2 protein chains.
Amino acid sequence: MTDNIYKKIALKLHNYSKILIFPHVNMDGDCLGSSAALCHVLRGFGKEAYVLADDVTPHNLDFLESGVVTRDYDVFDEYDLAVLVDCGSRSRIGERASVFDRARERAVIDHHGVMENDAEFNFGIIESSSAATAELVYLIASEMGAEFTLPIAECIFAAINTDTGSFQHSNTTARTHKIASEIYGIPGFDGNRIVQLIYNRKSLGAIQLEGRIVSEMEVCCGGKVVLSAVTQAHLAETGTLMNESDGIIQKLMSIDGVEIGCILKEIDDKTARVSLRAKSYANVARVAQKYGGGGHMRAAGLTFEGTIGEAKAEIAKALEAELVRSNDEK
Amino acid sequence: MTDNIYKKIALKLHNYSKILIFPHVNMDGDCLGSSAALCHVLRGFGKEAYVLADDVTPHNLDFLESGVVTRDYDVFDEYDLAVLVDCGSRSRIGERASVFDRARERAVIDHHGVMENDAEFNFGIIESSSAATAELVYLIASEMGAEFTLPIAECIFAAINTDTGSFQHSNTTARTHKIASEIYGIPGFDGNRIVQLIYNRKSLGAIQLEGRIVSEMEVCCGGKVVLSAVTQAHLAETGTLMNESDGIIQKLMSIDGVEIGCILKEIDDKTARVSLRAKSYANVARVAQKYGGGGHMRAAGLTFEGTIGEAKAEIAKALEAELVRSNDEK
């Protein structure tokens, strides 16, 4: 039975009393939601548990903190179990690694296939076919016999919703929707309320920024490649931070016929961060690698040494070449 | 047992041989997807069935036609059953009402609570708590013992996905996700492919238009009201049609603190169409009614006689007054 692994972990978790949960740096919805949900579950069994975070929680995910997040490295002197959530490596938790190392035992719950051998785990699960780490937390909690309270439901749902792009990404499966269905059945759960909190609390400046960047986009290669740049001037004019431009590339990818989308971010007058996406056949990881970056075939990134103008000219040429090459390989 | 109604309709449907299905005018994803799915189901039982449409199918929904849509009013001389889908009134099918009237018997499958008594139905279901008409078609087809082929799965999924805004709207329920889960289990089904077809085939001009309209938005009432206008000049410059601006109002509503969003559309130099949305407490239907329009508390519309500039000035004032009034009523 494939479900056994969740049960095994559930049985193990019952054995510990003091537990610290470690989300990865640059917390996203799945990482924070999964960590908080697990913490609520463990507390429901009378355990002492905290989520130990470093980062500031992104504004739209603030409701996930729900009384379980601490930033105090000394919340425990000694403790039984450290759980790495939504990542499989000590290197992904920054300075908190020193606290992680103080645990008597270590576990991991993750859905990223990548793992560095920089930590020894007593038990855990890394299931890359899972749409979100929160699915694993839900299944483990079910096997533990947890009572699914409203905070647990909201954390799991927010985590799954953000990691699947509202059930749109290709990682979404029958199981994802089955779990969502069960969560909708939890008394008091209001999915639309969570959606409003996550997606409809953007700053005015962020929406103005998106409008500017989208209306300034440049199209080349007969409409197959679109590029746009976010400059420090854009940020100053709209009163935004660079991370508020993160989702704009999706807008470029929604255009019919576009194969490659590119957003160039002016970090300073000598450095640009470049995000690349491909829709169906181009391999943008090759372009990223050429400039020392990396990623997947359809989503990659790189850092360019030069002005934003130089970056745009150079990367546009590289994308044109990649388009020809990937067309040849089709 | 609440499920009985689906079974009753399922048993009835087995009694007819020649069936015409009528989606409402201005076809949307749920109406076309539900109609096409039902048609495939009926054909699977050896029946002669067609979806009779008038409109041009929207570009992003073209894949739903899947060989079942006809625009020939004379596809049947005489026929057994007319099924009104996703609407409950003869007045919603335009000129096809004459063909509807030729049927020996009539049925309705709808999830809108509103019904005019302008047609007599032999049987049917109007279930306003259903997120989409497609949920009802799915449940009825299940009771019929239908084989869920790939086209049926894709039509049902597209219909549910569009009517729930990718499972984000408040109409989404546990049942919605349960059905989605079952559809993901149908061999060959690829939800992401459907999502790409529906949402990621926008014209370049439509995306440029959105960028322009969003970056030109005006904010008033301390950030609680946002307005933007789509002019004929915008359309000419981006090579778009007015209906390509339809979703832009959602972008305005995603701003933190905004209570009322307003998009004004310049139809000609004497007429503007105005769309209004409210987030949580304002009653924009009152504003619409003041100008002879109508709608719901949180989504309403009106036609304004005057230039787009006059419309904007006047409606902004009316929205400001409504905001004060609805604040007082809180």
# chains A, B, ... in the order shown; residues from 1 in each chain; ligands from 1
$ interface_residues --of "chain B" --to "chain A" --cutoff "8 Å" --atoms "only C-alpha atoms" --output "short mmCIF file (atom, residue, chain, number, x, y, z; two decimals) with N, CA and C atoms, in the first residue's frame"
data_model
loop_
_atom_site.label_atom_id
_atom_site.label_comp_id
_atom_site.auth_asym_id
_atom_site.auth_seq_id
_atom_site.Cartn_x
_atom_site.Cartn_y
_atom_site.Cartn_z
N SER B 166 -11.40 29.50 -11.88
CA SER B 166 -10.37 28.56 -11.42
C SER B 166 -10.53 28.25 -9.93
N PHE B 167 -11.73 27.88 -9.55
CA PHE B 167 -12.00 27.43 -8.17
C PHE B 167 -11.75 28.53 -7.14
N GLN B 168 -11.85 29.79 -7.57
CA GLN B 168 -11.60 30.90 -6.64
C GLN B 168 -12.89 31.55 -6.14
N HIS B 169 -13.96 31.55 -6.95
CA HIS B 169 -15.17 32.27 -6.56
C HIS B 169 -15.87 31.58 -5.39
N SER B 170 -16.77 32.34 -4.75
CA SER B 170 -17.44 31.83 -3.55
C SER B 170 -18.47 30.76 -3.89
N THR B 172 -17.71 28.02 -5.34
CA THR B 172 -16.97 26.75 -5.28
C THR B 172 -17.32 25.99 -3.99
N THR B 173 -17.58 24.70 -4.12
CA THR B 173 -17.94 23.89 -2.95
C THR B 173 -17.11 22.60 -2.92
N ALA B 174 -17.32 21.84 -1.84
CA ALA B 174 -16.68 20.52 -1.74
C ALA B 174 -17.03 19.68 -2.96
N ARG B 175 -18.30 19.77 -3.41
CA ARG B 175 -18.72 18.97 -4.56
C ARG B 175 -17.98 19.38 -5.84
N THR B 176 -17.73 20.69 -5.99
CA THR B 176 -17.00 21.17 -7.16
C THR B 176 -15.63 20.47 -7.25
N HIS B 177 -14.91 20.47 -6.13
CA HIS B 177 -13.58 19.85 -6.13
C HIS B 177 -13.68 18.32 -6.25
N LYS B 178 -14.73 17.74 -5.71
CA LYS B 178 -14.90 16.28 -5.83
C LYS B 178 -15.06 15.90 -7.29
N ALA B 180 -14.06 17.69 -9.87
CA ALA B 180 -12.77 17.94 -10.53
C ALA B 180 -11.81 16.78 -10.29
N SER B 181 -11.81 16.27 -9.06
CA SER B 181 -10.94 15.14 -8.73
C SER B 181 -11.28 13.93 -9.60
N GLU B 182 -12.57 13.67 -9.76
CA GLU B 182 -12.99 12.51 -10.57
C GLU B 182 -12.61 12.73 -12.04
N ILE B 183 -12.71 13.96 -12.51
CA ILE B 183 -12.35 14.25 -13.90
C ILE B 183 -10.85 14.05 -14.12
N TYR B 184 -10.03 14.46 -13.14
CA TYR B 184 -8.59 14.23 -13.26
C TYR B 184 -8.26 12.73 -13.35
N GLY B 185 -9.16 11.90 -12.87
CA GLY B 185 -8.93 10.45 -12.93
C GLY B 185 -9.31 9.82 -14.27
N ASP B 190 -5.85 16.09 -19.14
CA ASP B 190 -4.73 16.96 -18.82
C ASP B 190 -5.29 18.35 -18.52
N GLY B 191 -5.50 18.61 -17.23
CA GLY B 191 -6.12 19.88 -16.81
C GLY B 191 -5.33 21.09 -17.24
N ASN B 192 -4.01 20.99 -17.17
CA ASN B 192 -3.17 22.13 -17.54
C ASN B 192 -3.34 22.51 -19.00
N VAL B 195 -6.44 24.58 -19.20
CA VAL B 195 -6.16 25.90 -18.63
C VAL B 195 -5.40 26.77 -19.63
N TYR B 199 -7.01 30.26 -20.85
CA TYR B 199 -6.49 31.51 -20.27
C TYR B 199 -5.24 32.07 -20.95
N ASN B 200 -4.52 31.24 -21.69
CA ASN B 200 -3.24 31.72 -22.22
C ASN B 200 -3.21 31.84 -23.73
N ARG B 201 -4.35 32.26 -24.30
CA ARG B 201 -4.38 32.52 -25.74
C ARG B 201 -4.94 33.93 -25.98
N LYS B 202 -4.57 34.86 -25.11
CA LYS B 202 -5.03 36.24 -25.28
C LYS B 202 -4.27 36.88 -26.43
N SER B 203 -4.90 37.86 -27.07
CA SER B 203 -4.18 38.54 -28.14
C SER B 203 -3.16 39.49 -27.53
N LEU B 204 -2.09 39.74 -28.28
CA LEU B 204 -1.07 40.70 -27.83
C LEU B 204 -1.73 42.03 -27.50
N ILE B 207 -3.52 42.24 -24.12
CA ILE B 207 -2.61 42.38 -22.98
C ILE B 207 -2.05 43.81 -22.93
N GLN B 208 -1.74 44.36 -24.13
CA GLN B 208 -1.28 45.76 -24.16
C GLN B 208 -2.39 46.69 -23.65
N LEU B 209 -3.63 46.40 -24.07
CA LEU B 209 -4.77 47.20 -23.64
C LEU B 209 -4.89 47.17 -22.11
N GLU B 210 -4.81 45.97 -21.54
CA GLU B 210 -4.92 45.85 -20.09
C GLU B 210 -3.83 46.67 -19.39
N GLY B 211 -2.61 46.58 -19.93
CA GLY B 211 -1.51 47.36 -19.35
C GLY B 211 -1.82 48.85 -19.37
N ARG B 212 -2.32 49.33 -20.50
CA ARG B 212 -2.65 50.75 -20.63
C ARG B 212 -3.75 51.17 -19.66
N ILE B 213 -4.84 50.41 -19.63
CA ILE B 213 -6.00 50.78 -18.81
C ILE B 213 -5.64 50.75 -17.33
N VAL B 214 -4.85 49.75 -16.94
CA VAL B 214 -4.47 49.64 -15.54
C VAL B 214 -3.52 50.77 -15.15
N SER B 215 -2.56 51.10 -16.03
CA SER B 215 -1.61 52.13 -15.63
C SER B 215 -2.25 53.52 -15.65
N LYS B 251 -8.64 43.17 -12.12
CA LYS B 251 -7.31 43.65 -11.74
C LYS B 251 -7.43 44.82 -10.76
N LEU B 252 -8.39 45.72 -11.01
CA LEU B 252 -8.60 46.85 -10.10
C LEU B 252 -9.04 46.34 -8.72
N MET B 253 -9.86 45.28 -8.73
CA MET B 253 -10.39 44.77 -7.46
C MET B 253 -9.32 44.03 -6.65
N SER B 254 -8.18 43.72 -7.25
CA SER B 254 -7.14 43.00 -6.52
C SER B 254 -6.29 43.92 -5.66
N ILE B 255 -6.60 45.24 -5.70
CA ILE B 255 -5.81 46.19 -4.93
C ILE B 255 -6.32 46.24 -3.48
N ASP B 256 -5.36 46.19 -2.55
CA ASP B 256 -5.67 46.24 -1.12
C ASP B 256 -6.41 47.53 -0.80
N GLY B 257 -7.50 47.44 -0.09
CA GLY B 257 -8.22 48.64 0.36
C GLY B 257 -9.27 49.15 -0.61
#
$ select_by_dssp --residues "segment 19-219 of chain A" --states "strand (DSSP E)" --output "number ranges by chain"
A: 19-23, 48-52, 69-70, 79-85, 103-110, 123-126, 218-219
$ residues_around --residues "Ile249 of chain A" --least-positions-apart "2" --cutoff "8 Å" --atoms "only C-alpha atoms" --output "MDAnalysis selection string"
chainID A and resid 246:247 251:253 261:263 275 277
$ select_by_dssp --residues "segment 67-251 of chain B" --states "helix (DSSP H, G or I)" --output "tab-separated table (two decimals) with N, CA and C atoms, in the first residue's frame"
chain	number	residue	atom	x	y	z
B	90	ARG	N	-36.89	31.20	-22.35
B	90	ARG	CA	-36.89	31.31	-23.82
B	90	ARG	C	-36.24	32.60	-24.28
B	91	SER	N	-36.38	33.64	-23.47
B	91	SER	CA	-35.88	34.97	-23.87
B	91	SER	C	-34.35	35.00	-23.95
B	92	ARG	N	-33.69	33.96	-23.41
B	92	ARG	CA	-32.21	33.96	-23.39
B	92	ARG	C	-31.62	33.23	-24.58
B	94	GLY	N	-32.56	34.00	-27.94
B	94	GLY	CA	-32.68	34.82	-29.14
B	94	GLY	C	-33.60	34.21	-30.18
B	95	GLU	N	-33.17	34.26	-31.44
B	95	GLU	CA	-34.02	33.81	-32.54
B	95	GLU	C	-34.24	32.30	-32.57
B	96	ARG	N	-33.39	31.59	-31.84
B	96	ARG	CA	-33.54	30.13	-31.81
B	96	ARG	C	-34.81	29.69	-31.07
B	97	ALA	N	-35.49	30.65	-30.42
B	97	ALA	CA	-36.74	30.32	-29.71
B	97	ALA	C	-37.74	29.64	-30.64
B	98	SER	N	-37.72	30.02	-31.92
B	98	SER	CA	-38.65	29.42	-32.88
B	98	SER	C	-38.36	27.92	-33.06
B	99	VAL	N	-37.08	27.56	-33.02
B	99	VAL	CA	-36.70	26.15	-33.14
B	99	VAL	C	-37.03	25.42	-31.84
B	100	PHE	N	-36.77	26.09	-30.72
B	100	PHE	CA	-37.10	25.54	-29.40
B	100	PHE	C	-38.57	25.15	-29.34
B	133	THR	N	-23.48	24.94	-14.16
B	133	THR	CA	-24.43	24.01	-14.77
B	133	THR	C	-23.74	22.68	-15.08
B	134	ALA	N	-22.45	22.76	-15.37
B	134	ALA	CA	-21.69	21.54	-15.70
B	134	ALA	C	-21.69	20.53	-14.57
B	135	GLU	N	-21.76	20.99	-13.32
B	135	GLU	CA	-21.85	20.04	-12.21
B	135	GLU	C	-23.11	19.20	-12.34
B	136	LEU	N	-24.20	19.86	-12.72
B	136	LEU	CA	-25.48	19.16	-12.86
B	136	LEU	C	-25.41	18.17	-14.02
B	137	VAL	N	-24.81	18.60	-15.13
B	137	VAL	CA	-24.67	17.71	-16.28
B	137	VAL	C	-23.83	16.49	-15.89
B	138	TYR	N	-22.77	16.73	-15.13
B	138	TYR	CA	-21.91	15.63	-14.69
B	138	TYR	C	-22.69	14.63	-13.84
B	139	LEU	N	-23.47	15.15	-12.89
B	139	LEU	CA	-24.21	14.27	-11.98
B	139	LEU	C	-25.31	13.50	-12.72
B	140	ILE	N	-25.97	14.17	-13.65
B	140	ILE	CA	-27.00	13.51	-14.45
B	140	ILE	C	-26.37	12.42	-15.33
B	141	ALA	N	-25.25	12.77	-15.96
B	141	ALA	CA	-24.56	11.80	-16.83
B	141	ALA	C	-24.11	10.59	-16.03
B	142	SER	N	-23.63	10.82	-14.80
B	142	SER	CA	-23.24	9.70	-13.94
B	142	SER	C	-24.42	8.78	-13.68
B	143	GLU	N	-25.58	9.38	-13.39
B	143	GLU	CA	-26.79	8.58	-13.13
B	143	GLU	C	-27.27	7.86	-14.38
B	144	MET	N	-26.97	8.42	-15.55
B	144	MET	CA	-27.34	7.75	-16.81
B	144	MET	C	-26.46	6.54	-17.06
B	150	LEU	N	-12.88	11.47	-23.05
B	150	LEU	CA	-12.03	12.65	-22.90
B	150	LEU	C	-12.76	13.95	-23.29
B	151	PRO	N	-13.50	13.98	-24.42
B	151	PRO	CA	-14.22	15.24	-24.73
B	151	PRO	C	-15.22	15.64	-23.63
B	152	ILE	N	-15.91	14.66	-23.06
B	152	ILE	CA	-16.85	14.98	-21.98
B	152	ILE	C	-16.09	15.56	-20.79
B	153	ALA	N	-14.99	14.92	-20.43
B	153	ALA	CA	-14.19	15.39	-19.30
B	153	ALA	C	-13.71	16.82	-19.53
B	154	GLU	N	-13.24	17.08	-20.75
B	154	GLU	CA	-12.69	18.41	-21.04
B	154	GLU	C	-13.77	19.49	-21.04
B	155	CYS	N	-14.93	19.16	-21.57
B	155	CYS	CA	-16.04	20.14	-21.59
B	155	CYS	C	-16.51	20.45	-20.17
B	156	ILE	N	-16.69	19.42	-19.35
B	156	ILE	CA	-17.15	19.62	-17.97
B	156	ILE	C	-16.12	20.45	-17.20
B	157	PHE	N	-14.85	20.07	-17.35
B	157	PHE	CA	-13.81	20.76	-16.59
B	157	PHE	C	-13.71	22.22	-17.00
B	158	ALA	N	-13.72	22.49	-18.31
B	158	ALA	CA	-13.64	23.87	-18.79
B	158	ALA	C	-14.81	24.69	-18.27
B	159	ALA	N	-15.98	24.09	-18.26
B	159	ALA	CA	-17.19	24.78	-17.80
B	159	ALA	C	-17.08	25.14	-16.32
B	160	ILE	N	-16.67	24.16	-15.52
B	160	ILE	CA	-16.54	24.41	-14.07
B	160	ILE	C	-15.43	25.42	-13.82
B	161	ASN	N	-14.32	25.25	-14.52
B	161	ASN	CA	-13.18	26.14	-14.30
B	161	ASN	C	-13.52	27.59	-14.62
B	162	THR	N	-14.21	27.83	-15.72
B	162	THR	CA	-14.53	29.22	-16.08
B	162	THR	C	-15.58	29.81	-15.15
B	163	ASP	N	-16.58	29.04	-14.76
B	163	ASP	CA	-17.64	29.62	-13.91
B	163	ASP	C	-17.20	29.82	-12.46
B	174	ALA	N	-17.32	21.84	-1.84
B	174	ALA	CA	-16.68	20.52	-1.74
B	174	ALA	C	-17.03	19.68	-2.96
B	175	ARG	N	-18.30	19.77	-3.41
B	175	ARG	CA	-18.72	18.97	-4.56
B	175	ARG	C	-17.98	19.38	-5.84
B	176	THR	N	-17.73	20.69	-5.99
B	176	THR	CA	-17.00	21.17	-7.16
B	176	THR	C	-15.63	20.47	-7.25
B	177	HIS	N	-14.91	20.47	-6.13
B	177	HIS	CA	-13.58	19.85	-6.13
B	177	HIS	C	-13.68	18.32	-6.25
B	178	LYS	N	-14.73	17.74	-5.71
B	178	LYS	CA	-14.90	16.28	-5.83
B	178	LYS	C	-15.06	15.90	-7.29
B	179	ILE	N	-15.87	16.66	-8.01
B	179	ILE	CA	-16.07	16.38	-9.44
B	179	ILE	C	-14.76	16.60	-10.20
B	180	ALA	N	-14.06	17.69	-9.87
B	180	ALA	CA	-12.77	17.94	-10.53
B	180	ALA	C	-11.81	16.78	-10.29
B	181	SER	N	-11.81	16.27	-9.06
B	181	SER	CA	-10.94	15.14	-8.73
B	181	SER	C	-11.28	13.93	-9.60
B	182	GLU	N	-12.57	13.67	-9.76
B	182	GLU	CA	-12.99	12.51	-10.57
B	182	GLU	C	-12.61	12.73	-12.04
B	183	ILE	N	-12.71	13.96	-12.51
B	183	ILE	CA	-12.35	14.25	-13.90
B	183	ILE	C	-10.85	14.05	-14.12
B	184	TYR	N	-10.03	14.46	-13.14
B	184	TYR	CA	-8.59	14.23	-13.26
B	184	TYR	C	-8.26	12.73	-13.35
B	191	GLY	N	-5.50	18.61	-17.23
B	191	GLY	CA	-6.12	19.88	-16.81
B	191	GLY	C	-5.33	21.09	-17.24
B	192	ASN	N	-4.01	20.99	-17.17
B	192	ASN	CA	-3.17	22.13	-17.54
B	192	ASN	C	-3.34	22.51	-19.00
B	193	ARG	N	-3.53	21.50	-19.87
B	193	ARG	CA	-3.76	21.76	-21.29
B	193	ARG	C	-5.03	22.62	-21.47
B	194	ILE	N	-6.07	22.29	-20.74
B	194	ILE	CA	-7.34	23.03	-20.84
B	194	ILE	C	-7.16	24.46	-20.32
B	195	VAL	N	-6.44	24.58	-19.20
B	195	VAL	CA	-6.16	25.90	-18.63
B	195	VAL	C	-5.40	26.77	-19.63
B	196	GLN	N	-4.40	26.18	-20.28
B	196	GLN	CA	-3.63	26.93	-21.28
B	196	GLN	C	-4.54	27.41	-22.40
B	197	LEU	N	-5.42	26.52	-22.87
B	197	LEU	CA	-6.32	26.89	-23.97
B	197	LEU	C	-7.26	28.02	-23.56
B	198	ILE	N	-7.78	27.96	-22.35
B	198	ILE	CA	-8.77	28.95	-21.92
B	198	ILE	C	-8.12	30.30	-21.61
B	199	TYR	N	-7.01	30.26	-20.85
B	199	TYR	CA	-6.49	31.51	-20.27
B	199	TYR	C	-5.24	32.07	-20.95
B	204	LEU	N	-2.09	39.74	-28.28
B	204	LEU	CA	-1.07	40.70	-27.83
B	204	LEU	C	-1.73	42.03	-27.50
B	205	GLY	N	-2.65	42.45	-28.38
B	205	GLY	CA	-3.34	43.73	-28.17
B	205	GLY	C	-4.13	43.76	-26.88
B	206	ALA	N	-4.77	42.65	-26.55
B	206	ALA	CA	-5.58	42.62	-25.32
B	206	ALA	C	-4.72	42.82	-24.09
B	207	ILE	N	-3.52	42.24	-24.12
B	207	ILE	CA	-2.61	42.38	-22.98
B	207	ILE	C	-2.05	43.81	-22.93
B	208	GLN	N	-1.74	44.36	-24.13
B	208	GLN	CA	-1.28	45.76	-24.16
B	208	GLN	C	-2.39	46.69	-23.65
B	209	LEU	N	-3.63	46.40	-24.07
B	209	LEU	CA	-4.77	47.20	-23.64
B	209	LEU	C	-4.89	47.17	-22.11
B	210	GLU	N	-4.81	45.97	-21.54
B	210	GLU	CA	-4.92	45.85	-20.09
B	210	GLU	C	-3.83	46.67	-19.39
B	211	GLY	N	-2.61	46.58	-19.93
B	211	GLY	CA	-1.51	47.36	-19.35
B	211	GLY	C	-1.82	48.85	-19.37
B	212	ARG	N	-2.32	49.33	-20.50
B	212	ARG	CA	-2.65	50.75	-20.63
B	212	ARG	C	-3.75	51.17	-19.66
B	213	ILE	N	-4.84	50.41	-19.63
B	213	ILE	CA	-6.00	50.78	-18.81
B	213	ILE	C	-5.64	50.75	-17.33
B	214	VAL	N	-4.85	49.75	-16.94
B	214	VAL	CA	-4.47	49.64	-15.54
B	214	VAL	C	-3.52	50.77	-15.15
B	215	SER	N	-2.56	51.10	-16.03
B	215	SER	CA	-1.61	52.13	-15.63
B	215	SER	C	-2.25	53.52	-15.65
B	232	GLN	N	-12.30	54.45	-27.47
B	232	GLN	CA	-12.14	53.95	-28.84
B	232	GLN	C	-10.70	54.13	-29.31
B	233	ALA	N	-10.04	55.19	-28.81
B	233	ALA	CA	-8.63	55.41	-29.17
B	233	ALA	C	-7.75	54.27	-28.65
B	234	HIS	N	-8.01	53.83	-27.41
B	234	HIS	CA	-7.26	52.68	-26.86
B	234	HIS	C	-7.41	51.46	-27.76
B	235	LEU	N	-8.65	51.22	-28.19
B	235	LEU	CA	-8.92	50.03	-29.02
B	235	LEU	C	-8.19	50.13	-30.35
B	236	ALA	N	-8.25	51.34	-30.95
B	236	ALA	CA	-7.58	51.54	-32.25
B	236	ALA	C	-6.07	51.33	-32.11
B	237	GLU	N	-5.50	51.88	-31.04
B	237	GLU	CA	-4.04	51.80	-30.85
B	237	GLU	C	-3.57	50.38	-30.59
B	238	THR	N	-4.40	49.56	-29.96
B	238	THR	CA	-3.98	48.20	-29.63
B	238	THR	C	-4.61	47.16	-30.57
B	242	MET	N	-13.87	45.90	-28.04
B	242	MET	CA	-14.25	46.28	-26.67
B	242	MET	C	-14.38	45.08	-25.74
B	243	ASN	N	-14.89	43.94	-26.26
B	243	ASN	CA	-15.08	42.79	-25.36
B	243	ASN	C	-13.75	42.22	-24.84
B	244	GLU	N	-12.63	42.61	-25.45
B	244	GLU	CA	-11.33	42.14	-24.95
B	244	GLU	C	-10.92	42.87	-23.67
B	245	SER	N	-11.69	43.88	-23.27
B	245	SER	CA	-11.38	44.58	-22.01
B	245	SER	C	-12.17	44.00	-20.84
B	248	ILE	N	-10.63	43.25	-17.16
B	248	ILE	CA	-9.70	44.20	-16.54
B	248	ILE	C	-10.17	44.66	-15.16
B	249	ILE	N	-11.47	44.72	-14.97
B	249	ILE	CA	-12.00	45.21	-13.69
B	249	ILE	C	-11.52	44.35	-12.52
B	250	GLN	N	-11.30	43.05	-12.77
B	250	GLN	CA	-10.78	42.16	-11.71
B	250	GLN	C	-9.44	42.65	-11.19
B	251	LYS	N	-8.64	43.17	-12.12
B	251	LYS	CA	-7.31	43.65	-11.74
B	251	LYS	C	-7.43	44.82	-10.76
$ atom_distance --atom1 "atom CA of Arg71 of chain A" --atom2 "atom CA of Asp30 of chain A"
18.8 Å
$ residues_around --residues "segment 81-86 of chain B" --least-positions-apart "6" --cutoff "7 Å" --atoms "only C-alpha atoms" --output "PyMOL selection string"
chain B and resi 16+18-24+31+35+100+103-111+133
$ write_last_selection --atoms "C-alpha atoms" --output "mmCIF file, in the first residue's frame"
data_model
loop_
_atom_site.group_PDB
_atom_site.id
_atom_site.type_symbol
_atom_site.label_atom_id
_atom_site.label_comp_id
_atom_site.auth_asym_id
_atom_site.auth_seq_id
_atom_site.Cartn_x
_atom_site.Cartn_y
_atom_site.Cartn_z
ATOM 1 C CA TYR B 16 -35.747 10.568 -26.296
ATOM 2 C CA LYS B 18 -33.652 13.343 -31.350
ATOM 3 C CA ILE B 19 -32.454 16.075 -29.035
ATOM 4 C CA LEU B 20 -31.481 19.721 -29.543
ATOM 5 C CA ILE B 21 -29.534 21.556 -26.835
ATOM 6 C CA PHE B 22 -29.818 25.333 -26.474
ATOM 7 C CA PRO B 23 -27.032 27.344 -24.815
ATOM 8 C CA HIS B 24 -27.899 30.963 -23.984
ATOM 9 C CA CYS B 31 -22.968 27.316 -21.063
ATOM 10 C CA SER B 35 -24.136 21.925 -23.624
ATOM 11 C CA PHE B 100 -37.096 25.542 -29.398
ATOM 12 C CA ALA B 103 -39.793 20.392 -29.970
ATOM 13 C CA ARG B 104 -42.262 17.724 -28.873
ATOM 14 C CA GLU B 105 -41.099 18.185 -25.245
ATOM 15 C CA ARG B 106 -38.908 20.623 -23.309
ATOM 16 C CA ALA B 107 -36.414 20.388 -20.464
ATOM 17 C CA VAL B 108 -34.139 22.771 -18.573
ATOM 18 C CA ILE B 109 -30.797 22.304 -16.798
ATOM 19 C CA ASP B 110 -29.614 25.467 -15.081
ATOM 20 C CA HIS B 111 -28.000 26.874 -11.949
ATOM 21 C CA THR B 133 -24.434 24.012 -14.768
#
$ closest_residue --among "B:Ser280, B:Thr240, B:Thr307, B:Gln289" --to "Leu264 of chain B" --atoms "only C-alpha atoms"
B:Thr307
